[in-house]
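Participant: Would you mind keeping the following structure in view while I ask a few things?
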Amino acid sequence: MSEHAELISRIEEQERRLRLPRFDNDDAWRLGCLIADLAQDRGAAVTIGIHRAGQRLFHRALPGTSPDNDAWLERKCRVVERYGASSFLVGARFRAKGAGFEESSRLDPDRYAAHGGAFPLHVTGTGVIGAVAVSGLPQAEDHGLVVEALERYLAATA
């Protein structure tokens with residue numbers, strides 16, 4: 001299996017597994033605070049955003065971040081909204097085809113970024129309702145932080 005195929009398979013499995021039974025404003029607050037706590041414990045300078053149905057439910061910029069991180073959050077979340085998949089998965093799928101997202105998607109790169117860090121909020125029985133995103137680390141680490149937080153969140157709410 002190629003490197004791209006392995007990454008795609010792993011992210012697809014994460015998206016199948018990390019589905020929420022429900023998600024409201026209070027859930028966004030708890031998940032966002034969990035991500036912030038994990039990042040602070042690691043000394044990671046990240047900005048965190050959670051959107052549902054076009055509404056920002058959570059935003060936190062940790063020390064060491066800048067307005068650029070906010071722009072990255074928005075661009076990555078637009079990819080989740082458009083494709084219904086994590087920004088890391090979308091980018092990996094384009095790379096597996098030998099194409100860069102920026103060149104091949106025909107989308108404005110100032111508005112869309114298929115870089116890791118935005119993950120779909122998939123509610124079982126409903127579908128993708130929004131996105132949770134992190135910006136500030138290398139893309140695989142942004143993605144990994146969100147996945148770890150969702151795993152912990154789901155374990156705590158089970």
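Residues in the structure tokens are numbered from 1 in each chain, the chains being A, B, ... in the order shown, and ligands are numbered from 1 in the order shown.
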Just list as a list in words whatever in region 2-149 of chain A DSSP marks as strand (DSSP E or B).

Facilitator: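 Answer for region 2-149 of chain A restricted to strand (DSSP E or B) is Leu20, Thr47, Ile48, Gly49, Ile50, His51, Arg52, Gln55, Arg56, Leu57, Phe58, His59, Arg60, Ala61, Ala118, Phe119, Pro120, Leu121, His122, Val123, Gly127, Val128, Ile129, Gly130, Ala131, Val132, Ala133, Val134 and Ser135 of chain A.
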
Participant: So that I can check the surroundings of Gly100 (chain A), please list as a VMD selection string every protein, DNA and RNA residue that reaches within 12 Å of it, counting only C-alpha atoms and ignoring chain neighbours fewer than 6 positions away.

Facilitator: chain A and resid 90 to 94 106 to 107 109 113 to 115

Participant: Counting only C-alpha atoms, what is within 9 Å of region 11-24 of chain A, bar same-chain residues fewer than 3 positions away, as a ChimeraX atom specification?

Facilitator: /A:6-8,27-29,52,57,85-86,88-89,119-125,127,129,147,150-151,154

Participant: DSSP on the backbone: what in chain A comes out alpha helix (DSSP H), as an NGL selection string?

Facilitator: :A and (3-17 or 25-42 or 67-83 or 87-96 or 101-104 or 139-157)

Participant: May I ask which of the residues A:Gly117, A:Gly130, A:Gly84, A:Gly64 is the closest one to Ile50 (chain A), counting only C-alpha atoms?

Facilitator: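 Distance minimum relative to Ile50 (chain A) lands on A:Gly130.
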
Participant: Can you measure CA of Ser9 (chain A) to CA of Glu148 (chain A) for me? One decimal in Å is fine.

Facilitator: 17.3 Å

Participant: With only C-alpha atoms as the counted atoms, please give the residues lying no more than 12 Å from Phe58 (chain A), apart from itself and same-chain residues fewer than 5 positions off, as a VMD selection string.

Facilitator: chain A and resid 24 to 36 47 to 52 73 130 to 134

Participant: Please write the residues from the selection above to a file, keeping N, CA and C atoms, as a compact mmCIF listing (two decimals), in the first residue's frame.

Facilitator:
```txt
# COMPACT_ATOMS: atom_id res chain seq x y z
N ASP A 24 -24.32 20.17 20.51
CA ASP A 24 -24.95 21.47 20.69
C ASP A 24 -23.91 22.49 21.15
N ASN A 25 -24.36 23.67 21.50
CA ASN A 25 -23.45 24.75 21.90
C ASN A 25 -22.61 24.36 23.12
N ASP A 26 -23.22 23.69 24.08
CA ASP A 26 -22.48 23.26 25.27
C ASP A 26 -21.42 22.22 24.91
N ASP A 27 -21.74 21.33 23.99
CA ASP A 27 -20.76 20.34 23.53
C ASP A 27 -19.58 21.05 22.87
N ALA A 28 -19.86 22.08 22.09
CA ALA A 28 -18.79 22.84 21.43
C ALA A 28 -17.86 23.46 22.47
N TRP A 29 -18.44 24.02 23.52
CA TRP A 29 -17.64 24.62 24.58
C TRP A 29 -16.74 23.57 25.25
N ARG A 30 -17.31 22.42 25.58
CA ARG A 30 -16.53 21.37 26.24
C ARG A 30 -15.40 20.85 25.34
N LEU A 31 -15.73 20.59 24.09
CA LEU A 31 -14.72 20.10 23.15
C LEU A 31 -13.63 21.15 22.92
N GLY A 32 -14.03 22.38 22.73
CA GLY A 32 -13.06 23.46 22.52
C GLY A 32 -12.14 23.64 23.71
N CYS A 33 -12.69 23.60 24.92
CA CYS A 33 -11.86 23.72 26.12
C CYS A 33 -10.92 22.54 26.27
N LEU A 34 -11.37 21.34 25.90
CA LEU A 34 -10.52 20.16 25.95
C LEU A 34 -9.32 20.34 25.01
N ILE A 35 -9.57 20.80 23.81
CA ILE A 35 -8.48 21.02 22.86
C ILE A 35 -7.52 22.07 23.41
N ALA A 36 -8.07 23.15 23.95
CA ALA A 36 -7.21 24.20 24.51
C ALA A 36 -6.36 23.68 25.66
N THR A 47 -4.63 28.17 17.45
CA THR A 47 -5.95 28.78 17.48
C THR A 47 -6.94 27.67 17.21
N ILE A 48 -8.05 27.68 17.95
CA ILE A 48 -9.06 26.63 17.90
C ILE A 48 -10.39 27.24 17.48
N GLY A 49 -11.09 26.59 16.57
CA GLY A 49 -12.40 27.06 16.16
C GLY A 49 -13.36 25.91 15.98
N ILE A 50 -14.61 26.14 16.37
CA ILE A 50 -15.67 25.16 16.15
C ILE A 50 -16.86 25.89 15.54
N HIS A 51 -17.30 25.37 14.39
CA HIS A 51 -18.44 25.93 13.67
C HIS A 51 -19.53 24.88 13.55
N ARG A 52 -20.77 25.33 13.58
CA ARG A 52 -21.91 24.44 13.29
C ARG A 52 -22.89 25.23 12.46
N LEU A 73 -7.85 28.77 9.87
CA LEU A 73 -9.03 28.05 10.37
C LEU A 73 -10.18 28.16 9.38
N GLY A 130 -20.87 20.51 10.84
CA GLY A 130 -19.92 21.59 11.06
C GLY A 130 -18.51 21.05 11.09
N ALA A 131 -17.63 21.83 11.73
CA ALA A 131 -16.21 21.45 11.76
C ALA A 131 -15.57 21.94 13.05
N VAL A 132 -14.58 21.19 13.48
CA VAL A 132 -13.70 21.59 14.57
C VAL A 132 -12.31 21.71 13.96
N ALA A 133 -11.60 22.80 14.28
CA ALA A 133 -10.32 23.04 13.60
C ALA A 133 -9.28 23.61 14.54
N VAL A 134 -8.03 23.32 14.20
CA VAL A 134 -6.86 23.83 14.90
C VAL A 134 -5.88 24.35 13.86
```

Participant: Which of these residues is nearest to Pro138 (chain A), using only C-alpha atoms: A:Ala71, A:Val80, A:Val46, A:Ala96?

Facilitator: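 Smallest distance to Pro138 (chain A) is found for A:Val46.
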
Participant: Check the smallest atom-to-atom distance from each of A:Leu137, A:Asp70, A:Ala5, A:Asp110 to Gly43 (chain A) using only C-alpha atoms, then report the winner.

Facilitator: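 Going through A:Leu137, A:Asp70, A:Ala5, A:Asp110 one by one, the smallest distance to Gly43 (chain A) is for A:Leu137.
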
Participant: Expressed in Å to a single decimal, how great is the separation between CA of Glu74 (chain A) and CA of Arg111 (chain A)?

Facilitator: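 That distance, rounded to one decimal, is 7.5 Å.
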